[in-house]
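Below is one structure, written out as structure tokens; the observations come after it.
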Amino acid sequence: MEIYFKIYAILFLMGIGFSYVLCKKIIPHEKNNTIALLSIAISPLMSYSLTVIASIYFLHFGIDRTLLLLFCKIIFGISLLISVYYLFYFSYRHAISVIKNFPWFFILVALLVIFCFGNYHDGILYHLLNPDIVSYAITADWLSQPSHQLSQINNTTSVYIIEILLRALRWGLPSITGLFNTILNTSSYEIIFPLTFILFASGIMASALFFNSAFNLRHSFTQITAIVALLNGSLLYFLIEGFFPNIVSVAYLTLFLSLFLLNKENPNKMPIFILGSLCIAAIITTYNEVFTIATAVIGFSILISLITRNKTEFKQNTLFLMTILIGFLLVFPLSYKIILFTFANIKNSGNVGYAQPTWLWPSDILGLTNIYFKFNHYLDEAVATQLIHRSYPFIAISLSLSAWGIYELWKSRKNIIFISILICSVLFLFYNYYLLATTGYGPHNYIFDKLVILFSPLYVAFFFAGIYQTTRSSFFKLKIFISLGCVFIYFYLLFHGTSEYRAFVDVRAISSIQNHFKNKSVVFIMNERGYRKGRTWGKLRYIDRASEFIINPLLINQFLDQWGNDPCATFSRSAKIILIVNKKALLDNTHYPKTHRLIYSTRSYEVFDTNQTIATTCPNANTLRLDKIFIK
């Protein structure tokens with residue numbers, strides 16, 4: 001937990017002064033407790049926004065990144081000075097009131113999520129199907145070196161770095177992760193999950209506070225809304241899988257649209273526009289596809305206000321579109337590239353993604369049910385690229401809870417932002433069907449699931465806004481009890497499912513192996529679960545492939561990828577083949593100690609000399625002989 005505390009403390013102190021100034025202008029002065037709580041919630045997001053905006057210019061213009069650290073120190077100092085100045089306005093009674101109203105239960109739930117899904121401990125990196133985490137971690141490690149600039153990227157640079165910085169244009173999260181590498185003198189693997197989760201949880205809490213202020217809901221209701229949004233299993237899945245930029249952008253998109261709601265009732269527009277612009281800048285630098293979605297939501301809001309001839313709504317919506325433009329201009333060195341990238345990304349959308357377990361229902365989006373709670377079925381179906389059919393009891397539960405969710409959401413039918421989000425969700429669904437019918441996008445719902453989940457925290461907020469209108473107190477309490485009960489039950493099922501199917505990479509052990517064979521003519525090959533090309537043993541086949549993707553860059557280009565087109569092309573023909581076997585796999589593959597000589601051992605892996613070379617393993621470009629390495 002120490003790393004979480006350090007990261008949060010830095011983000012908090014760097015942003016608290018600026019966030020308090022803005023919140024003091026946005027929220028009415030009679031709600032002093034809300035101002036203080038919002039300032040605390042927004043401070044990490046403020047720090048992230050300011051840092052990534054600066055990092056864009058440092059990267060683009062090739063400025064020494066040690067100056068970025070100096071910039072952050074200046075921001076840190078200014079924030080502290082502002083904080084000290086405003087502390088004089090806090091009375092003893094005000095401080096006690098803030099402490100009493102602090103969202104302690106939400107903090108406990110956040111700690112529960114960290115305990116259940118934290119993915120790095122004692123050098124061990126835990127993961128599921130997706131190896132994306134390695135792309136962001138390797139890129140962050142590369143950016144943590146002050147001398148590394150975009151102009152230095154060439155054919156010898158890791159494909160992960162090229163993908164993130166030049167193709168996906170996701171500069172933000174790796175930049176700030178690399179910055180924390182320098183500050184805390186640790187690895188990106190240890191930093192990136194805590195950083196992502198702190199931003200995600202802070203964004204959810206801040207959005208709930210803004211949303212409830214816009215709808216004048218009671219303060220105690222804020223925690224319930226935030227907790228249900230945080231425990232949504234369909235959204236947490238993306239955090240568990242390592243879609244870290246996606247999760248950070250969910251926090252900023254939710255906060256941005258919550259500001260949009262608050263804007264209608266707030267006469268003081270400027271601070272809202274400033275915070276909204278910072279949200280958009282953070283989205284563009286982190287996961288730029290969400291920038292397009294935010295623009296679409298505001299665009300539909302403008303269109304609806306035109307159709308309904310509501311001049312006030314039209315004017316406010318148009319002004320908020322200007323906020324998006326300002327955010328776009330704040331990171332212009334990157335954002336102008338996004339225009340071309342967006343069109344290219346849309347054209348390529350038929351070639352991305354993989355099978356999801358089933359289609360989202362309203363109850364899944366709200367977190368009342370969770371499509372990822374049976375990971376054994378998910379992995380079996382993912383291998384077969386087919387979709388899981390829900391059992392009849394699960395269909396009945398999903399139908400009932402979906403009907404209830406639609407009923408509560410129906411009460412928001414006159415809210416333009418809700419209608420705009422709903423229109424976007426429906427369009428995502430039809431776009432997914434279009435890809436299925438016209439491209440090689442194959443039989444799954446990846447696009448729909450990934451995009452519509454971006455709106456899940458706001459759907460949850462509107463859902464509870466509907467519950468809040470319940471007239472009878474007994475019904476109100478029953479609805480709260482049912483919603484919280486469902487969310488916690490499916491959260492437990494999600495944890496139980498992932499705990500059975502999580503794989504791991506021992507980062508320290510792999511680094512130890514790489515250092516042991518440093519400057520020797522060897523090539524490493526992995527065997528995680530006793531499988532070879534064309535054959536599969538064990539249900540963790542896809543997860544183990546992700547392990548290989550993660551291990552590959554740790555071995556610094558000495559890794560033989562048995563699924564590559566010509567995996568041996570870059571190695572010397574005389575290089576020895578060294579087999580790395582997970583010790584857990586040895587329980588099922590006892591032949592290795594008998595057929596190969598053990599030459600090195602770590603806490604998680606055994607390393608064997610196979611007595612093979614690149615010449616015998618790869619006689620030519622089209623042949624990969626693994627029969628003498630992986631013995632059935």
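Chain labels follow the order of the structure tokens: the first chain is A, the next B, and so on; residue numbering restarts at 1 in every chain, and ligands are counted from 1 in their shown order.
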- Message: I'd like to know which residues of range 405-609 of chain A are helix (DSSP H, G or I) (by DSSP, run on the backbone); could you write them as a PyMOL selection string?
- Response: chain A and resi 405-410+416-438+446-468+473-501+507-516+541-554+583-586+592-595
- Task: Can you pull out every residue within 8 Å of range 15-23 of chain A, counting only C-alpha atoms, but drop anything in the same chain fewer than 4 positions away, and send it as a PyMOL selection string?
- Result: chain A and resi 11+27+35-36+38-40+42-47+76+78-83+271-272+275
Within 9 Å of range 222-227 of chain A, which residues of range 51-144 of chain A show up? Give each one with its shortest atom-to-atom distance in Å (one decimal) and the two atoms involved, counting only C-alpha atoms, rows by chain then rising residue number, as a tab-separated table.
residue	atom	partner	partner_atom	distance
A:Pro103	CA	A:Gln223	CA	6.2
A:Trp104	CA	A:Gln223	CA	8.8
A:Phe105	CA	A:Gln223	CA	7.4
A:Phe106	CA	A:Ile227	CA	5.9
A:Val109	CA	A:Ile227	CA	7.0
A:Ala110	CA	A:Ile227	CA	8.3
Quick one: everything within 7 Å of range 496-501 of chain A, counting only C-alpha atoms, minus sequence neighbours fewer than 3 positions away in the same chain. Send it as a compact mmCIF listing (two decimals) with N, CA, C and O atoms, in the first residue's frame.
# COMPACT_ATOMS: atom_id res chain seq x y z
N PHE A 373 -18.59 -12.80 -14.97
CA PHE A 373 -18.43 -13.50 -13.70
C PHE A 373 -18.13 -14.99 -13.88
O PHE A 373 -17.78 -15.67 -12.94
N LYS A 374 -18.22 -15.51 -15.12
CA LYS A 374 -17.87 -16.91 -15.38
C LYS A 374 -16.67 -16.94 -16.33
O LYS A 374 -16.81 -17.08 -17.53
N PHE A 375 -15.49 -16.81 -15.76
CA PHE A 375 -14.30 -16.71 -16.60
C PHE A 375 -13.95 -18.03 -17.27
O PHE A 375 -13.32 -18.05 -18.32
N TYR A 492 -18.27 -9.96 -6.12
CA TYR A 492 -17.65 -11.15 -5.54
C TYR A 492 -17.46 -12.23 -6.60
O TYR A 492 -16.40 -12.88 -6.67
N LEU A 493 -18.47 -12.44 -7.44
CA LEU A 493 -18.36 -13.45 -8.50
C LEU A 493 -17.25 -13.09 -9.48
O LEU A 493 -16.53 -13.98 -9.97
- Query: Taking only C-alpha atoms into account, which of A:Leu262, A:Leu129, A:His148, A:Asn370 comes nearest Ile489 in chain A?
  - Reply: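 Looking only at the distances to Ile489 in chain A, the closest residue turns out to be A:Asn370.
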- range 429-442 of chain A surroundings by only C-alpha atoms, 9 Å radius, close-in-sequence under 3 positions cut, as a list in words: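 In the requested format, the answer is Ser349, Gly350, Asn351, Val352, Gly353, Tyr354, Ala355, Thr385, Cys424, Ser425, Val426, Asn445, Tyr446, Ile447, Phe448, Asp449 and Val452 of chain A.
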Using all heavy atoms, can you write the selected residues to a file as a CSV table (one decimal), in the first residue's frame?
chain,number,residue,atom,x,y,z
A,349,SER,N,-11.4,-0.3,-37.7
A,349,SER,CA,-12.1,-0.9,-36.6
A,349,SER,C,-12.6,-2.3,-36.8
A,349,SER,O,-13.0,-3.0,-35.9
A,349,SER,CB,-13.3,0.0,-36.2
A,349,SER,OG,-14.2,0.2,-37.3
A,350,GLY,N,-12.7,-2.7,-38.1
A,350,GLY,CA,-13.1,-4.1,-38.4
A,350,GLY,C,-12.1,-5.1,-38.1
A,350,GLY,O,-12.3,-6.3,-38.3
A,351,ASN,N,-10.9,-4.7,-37.7
A,351,ASN,CA,-9.8,-5.6,-37.5
A,351,ASN,C,-9.3,-5.6,-36.0
A,351,ASN,O,-8.2,-6.1,-35.8
A,351,ASN,CB,-8.6,-5.2,-38.4
A,351,ASN,CG,-8.9,-5.2,-39.9
A,351,ASN,OD1,-9.5,-6.2,-40.3
A,351,ASN,ND2,-8.5,-4.2,-40.6
A,352,VAL,N,-10.1,-5.1,-35.1
A,352,VAL,CA,-9.7,-5.0,-33.7
A,352,VAL,C,-10.6,-5.8,-32.9
A,352,VAL,O,-11.8,-6.1,-33.2
A,352,VAL,CB,-9.7,-3.6,-33.2
A,352,VAL,CG1,-8.7,-2.8,-34.0
A,352,VAL,CG2,-11.0,-2.9,-33.3
A,353,GLY,N,-10.1,-6.2,-31.7
A,353,GLY,CA,-11.0,-6.8,-30.7
A,353,GLY,C,-11.0,-8.3,-30.7
A,353,GLY,O,-10.4,-8.9,-31.6
A,354,TYR,N,-11.6,-8.9,-29.7
A,354,TYR,CA,-11.7,-10.3,-29.6
A,354,TYR,C,-13.1,-10.6,-28.9
A,354,TYR,O,-13.8,-9.7,-28.5
A,354,TYR,CB,-10.6,-10.9,-28.9
A,354,TYR,CG,-10.3,-10.3,-27.6
A,354,TYR,CD1,-10.9,-10.6,-26.4
A,354,TYR,CD2,-9.3,-9.3,-27.5
A,354,TYR,CE1,-10.7,-10.0,-25.2
A,354,TYR,CE2,-9.0,-8.6,-26.3
A,354,TYR,CZ,-9.7,-9.0,-25.1
A,354,TYR,OH,-9.4,-8.4,-23.9
A,355,ALA,N,-13.4,-11.9,-28.9
A,355,ALA,CA,-14.7,-12.3,-28.4
A,355,ALA,C,-15.0,-11.9,-27.0
A,355,ALA,O,-14.2,-12.0,-26.1
A,355,ALA,CB,-14.9,-13.8,-28.5
A,385,THR,N,-14.0,-18.3,-30.4
A,385,THR,CA,-14.6,-17.1,-31.0
A,385,THR,C,-16.1,-17.2,-31.2
A,385,THR,O,-16.7,-16.9,-32.2
A,385,THR,CB,-13.9,-16.7,-32.4
A,385,THR,OG1,-14.2,-17.8,-33.3
A,385,THR,CG2,-12.4,-16.5,-32.2
A,424,CYS,N,-26.0,7.7,-28.6
A,424,CYS,CA,-24.6,7.2,-28.9
A,424,CYS,C,-24.6,5.7,-28.7
A,424,CYS,O,-24.0,5.0,-29.5
A,424,CYS,CB,-23.6,7.9,-28.1
A,424,CYS,SG,-23.2,9.6,-28.6
A,425,SER,N,-25.1,5.2,-27.6
A,425,SER,CA,-25.1,3.8,-27.3
A,425,SER,C,-25.8,3.0,-28.3
A,425,SER,O,-25.3,1.9,-28.7
A,425,SER,CB,-25.8,3.5,-25.9
A,425,SER,OG,-25.1,4.2,-24.9
A,426,VAL,N,-26.9,3.5,-28.8
A,426,VAL,CA,-27.7,2.7,-29.9
A,426,VAL,C,-26.9,2.7,-31.2
A,426,VAL,O,-26.8,1.7,-31.9
A,426,VAL,CB,-29.0,3.4,-30.1
A,426,VAL,CG1,-29.7,2.8,-31.3
A,426,VAL,CG2,-29.9,3.2,-28.9
A,445,ASN,N,-18.7,-8.8,-30.1
A,445,ASN,CA,-19.3,-7.6,-29.8
A,445,ASN,C,-18.3,-6.6,-29.1
A,445,ASN,O,-18.7,-5.8,-28.3
A,445,ASN,CB,-20.6,-7.7,-29.0
A,445,ASN,CG,-20.3,-8.6,-27.8
A,445,ASN,OD1,-19.4,-9.5,-27.8
A,445,ASN,ND2,-20.9,-8.3,-26.7
A,446,TYR,N,-17.1,-6.7,-29.5
A,446,TYR,CA,-16.0,-6.0,-28.8
A,446,TYR,C,-16.2,-4.5,-28.9
A,446,TYR,O,-16.1,-3.8,-27.9
A,446,TYR,CB,-14.7,-6.3,-29.4
A,446,TYR,CG,-13.5,-5.7,-28.8
A,446,TYR,CD1,-12.9,-6.2,-27.6
A,446,TYR,CD2,-12.9,-4.6,-29.4
A,446,TYR,CE1,-11.8,-5.6,-27.1
A,446,TYR,CE2,-11.8,-4.0,-28.8
A,446,TYR,CZ,-11.2,-4.5,-27.7
A,446,TYR,OH,-10.1,-3.9,-27.1
A,447,ILE,N,-16.5,-4.0,-30.1
A,447,ILE,CA,-16.7,-2.5,-30.2
A,447,ILE,C,-17.9,-2.0,-29.4
A,447,ILE,O,-17.7,-1.0,-28.6
A,447,ILE,CB,-17.0,-2.2,-31.7
A,447,ILE,CG1,-15.7,-2.4,-32.5
A,447,ILE,CG2,-17.4,-0.7,-31.9
A,447,ILE,CD1,-14.6,-1.5,-32.3
A,448,PHE,N,-19.0,-2.7,-29.4
A,448,PHE,CA,-20.2,-2.2,-28.7
A,448,PHE,C,-19.9,-2.2,-27.2
A,448,PHE,O,-20.1,-1.3,-26.5
A,448,PHE,CB,-21.4,-3.1,-29.0
A,448,PHE,CG,-22.6,-2.8,-28.1
A,448,PHE,CD1,-23.3,-1.6,-28.2
A,448,PHE,CD2,-23.0,-3.8,-27.2
A,448,PHE,CE1,-24.3,-1.4,-27.4
A,448,PHE,CE2,-24.1,-3.5,-26.4
A,448,PHE,CZ,-24.8,-2.3,-26.5
A,449,ASP,N,-19.4,-3.4,-26.7
A,449,ASP,CA,-19.1,-3.5,-25.2
A,449,ASP,C,-18.1,-2.4,-24.8
A,449,ASP,O,-18.3,-1.8,-23.7
A,449,ASP,CB,-18.6,-4.9,-24.9
A,449,ASP,CG,-19.7,-5.9,-24.8
A,449,ASP,OD1,-20.8,-5.6,-25.2
A,449,ASP,OD2,-19.4,-7.1,-24.5
A,452,VAL,N,-19.8,1.4,-25.1
A,452,VAL,CA,-21.0,1.7,-24.3
A,452,VAL,C,-20.6,1.7,-22.8
A,452,VAL,O,-21.2,2.5,-22.1
A,452,VAL,CB,-22.1,0.7,-24.6
A,452,VAL,CG1,-22.0,-0.6,-23.9
A,452,VAL,CG2,-23.5,1.4,-24.2
- Item | Near-Gly242 in chain A list (7 Å; only C-alpha atoms; drop same-chain fewer than 6 positions) as number ranges by chain | A: 130, 132-133
Put those residues in a file: all heavy atoms, as a PDB file, in the first residue's frame.
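Saved file result_0.pdb follows:
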ATOM      1  N   ASN A 130      -5.238 -10.019 -21.765  1.00  0.00           N
ATOM      2  CA  ASN A 130      -4.718  -8.934 -22.590  1.00  0.00           C
ATOM      3  C   ASN A 130      -3.310  -8.525 -22.183  1.00  0.00           C
ATOM      4  O   ASN A 130      -3.086  -8.178 -21.031  1.00  0.00           O
ATOM      5  CB  ASN A 130      -5.672  -7.725 -22.468  1.00  0.00           C
ATOM      6  CG  ASN A 130      -5.376  -6.660 -23.488  1.00  0.00           C
ATOM      7  OD1 ASN A 130      -4.389  -6.739 -24.212  1.00  0.00           O
ATOM      8  ND2 ASN A 130      -6.214  -5.658 -23.556  1.00  0.00           N
ATOM      9  N   ASP A 132      -1.788  -5.791 -23.086  1.00  0.00           N
ATOM     10  CA  ASP A 132      -1.599  -4.355 -23.341  1.00  0.00           C
ATOM     11  C   ASP A 132      -0.740  -3.677 -22.282  1.00  0.00           C
ATOM     12  O   ASP A 132      -0.043  -2.704 -22.568  1.00  0.00           O
ATOM     13  CB  ASP A 132      -2.959  -3.642 -23.400  1.00  0.00           C
ATOM     14  CG  ASP A 132      -3.620  -3.791 -24.758  1.00  0.00           C
ATOM     15  OD1 ASP A 132      -3.149  -4.636 -25.543  1.00  0.00           O
ATOM     16  OD2 ASP A 132      -4.594  -3.087 -25.030  1.00  0.00           O
ATOM     17  N   ILE A 133      -0.813  -4.190 -21.048  1.00  0.00           N
ATOM     18  CA  ILE A 133      -0.078  -3.550 -19.958  1.00  0.00           C
ATOM     19  C   ILE A 133       1.398  -3.408 -20.281  1.00  0.00           C
ATOM     20  O   ILE A 133       2.047  -2.419 -19.909  1.00  0.00           O
ATOM     21  CB  ILE A 133      -0.281  -4.327 -18.646  1.00  0.00           C
ATOM     22  CG1 ILE A 133       0.442  -3.628 -17.494  1.00  0.00           C
ATOM     23  CG2 ILE A 133       0.167  -5.760 -18.766  1.00  0.00           C
ATOM     24  CD1 ILE A 133       0.213  -4.279 -16.150  1.00  0.00           C
TER      25      ILE A 133
END
- Message: Residues within 6 Å of Val522 in chain A, please, as a ChimeraX atom specification. Count only C-alpha atoms; anything in the same chain fewer than 6 positions from it doesn't count.
- Response: /A:575-577
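Here the question is which of A:Tyr459, A:Tyr48, A:Phe341, A:Tyr57 gets nearest to Val248 in chain A using only C-alpha atoms, and that residue is A:Tyr48.
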- Message: Taking only C-alpha atoms into account, name the residue in A:Thr570, A:Ser456, A:Asn212, A:Ser474 that is nearest to Phe418 in chain A.
- Response: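 Distance minimum relative to Phe418 in chain A lands on A:Ser456.
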- Task: Could you jot down the CA of Arg502 in chain A to CA of Asn246 in chain A separation for me, Å, one decimal place?
- Result: 20.5 Å
Which residues of range 241-353 of chain A sit at most 10 Å from range 174-181 of chain A, using only C-alpha atoms? Give each one's shortest atom pair and distance in Å (one decimal place), in chain and ascending residue order, as JSON lines.
{"residue": "A:Pro245", "atom": "CA", "partner": "A:Pro174", "partner_atom": "CA", "distance": 9.3}
{"residue": "A:Thr285", "atom": "CA", "partner": "A:Ser175", "partner_atom": "CA", "distance": 9.7}
{"residue": "A:Thr286", "atom": "CA", "partner": "A:Pro174", "partner_atom": "CA", "distance": 8.7}
- Task: Report the distance between CA of Thr295 in chain A and CA of Ser277 in chain A in Å, rounded to one decimal place.
- Result: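 Atom-to-atom, CA of Thr295 in chain A and CA of Ser277 in chain A are spaced 12.2 Å apart.
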- Note on the structure: Judged by only C-alpha atoms, the minimum distance to Ala229 in chain A among A:Ile284, A:Leu368, A:Met14, A:Ala569 is found for A:Leu368
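Using only C-alpha atoms, the nearest neighbour of Val250 in chain A within the list A:Phe197, A:Tyr490, A:Phe210, A:Phe463 is A:Phe197.
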- Query: When you draw a straight line from CA of Ala208 in chain A to CA of Ala95 in chain A, how long is it in Å?
  - Reply: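 Interatomic distance, CA of Ala208 in chain A to CA of Ala95 in chain A: 21.5 Å.
Distance check against Leu150 in chain A using only C-alpha atoms: of A:Leu598, A:Leu230, A:Leu253, A:Ile56, the minimum falls on A:Ile56.
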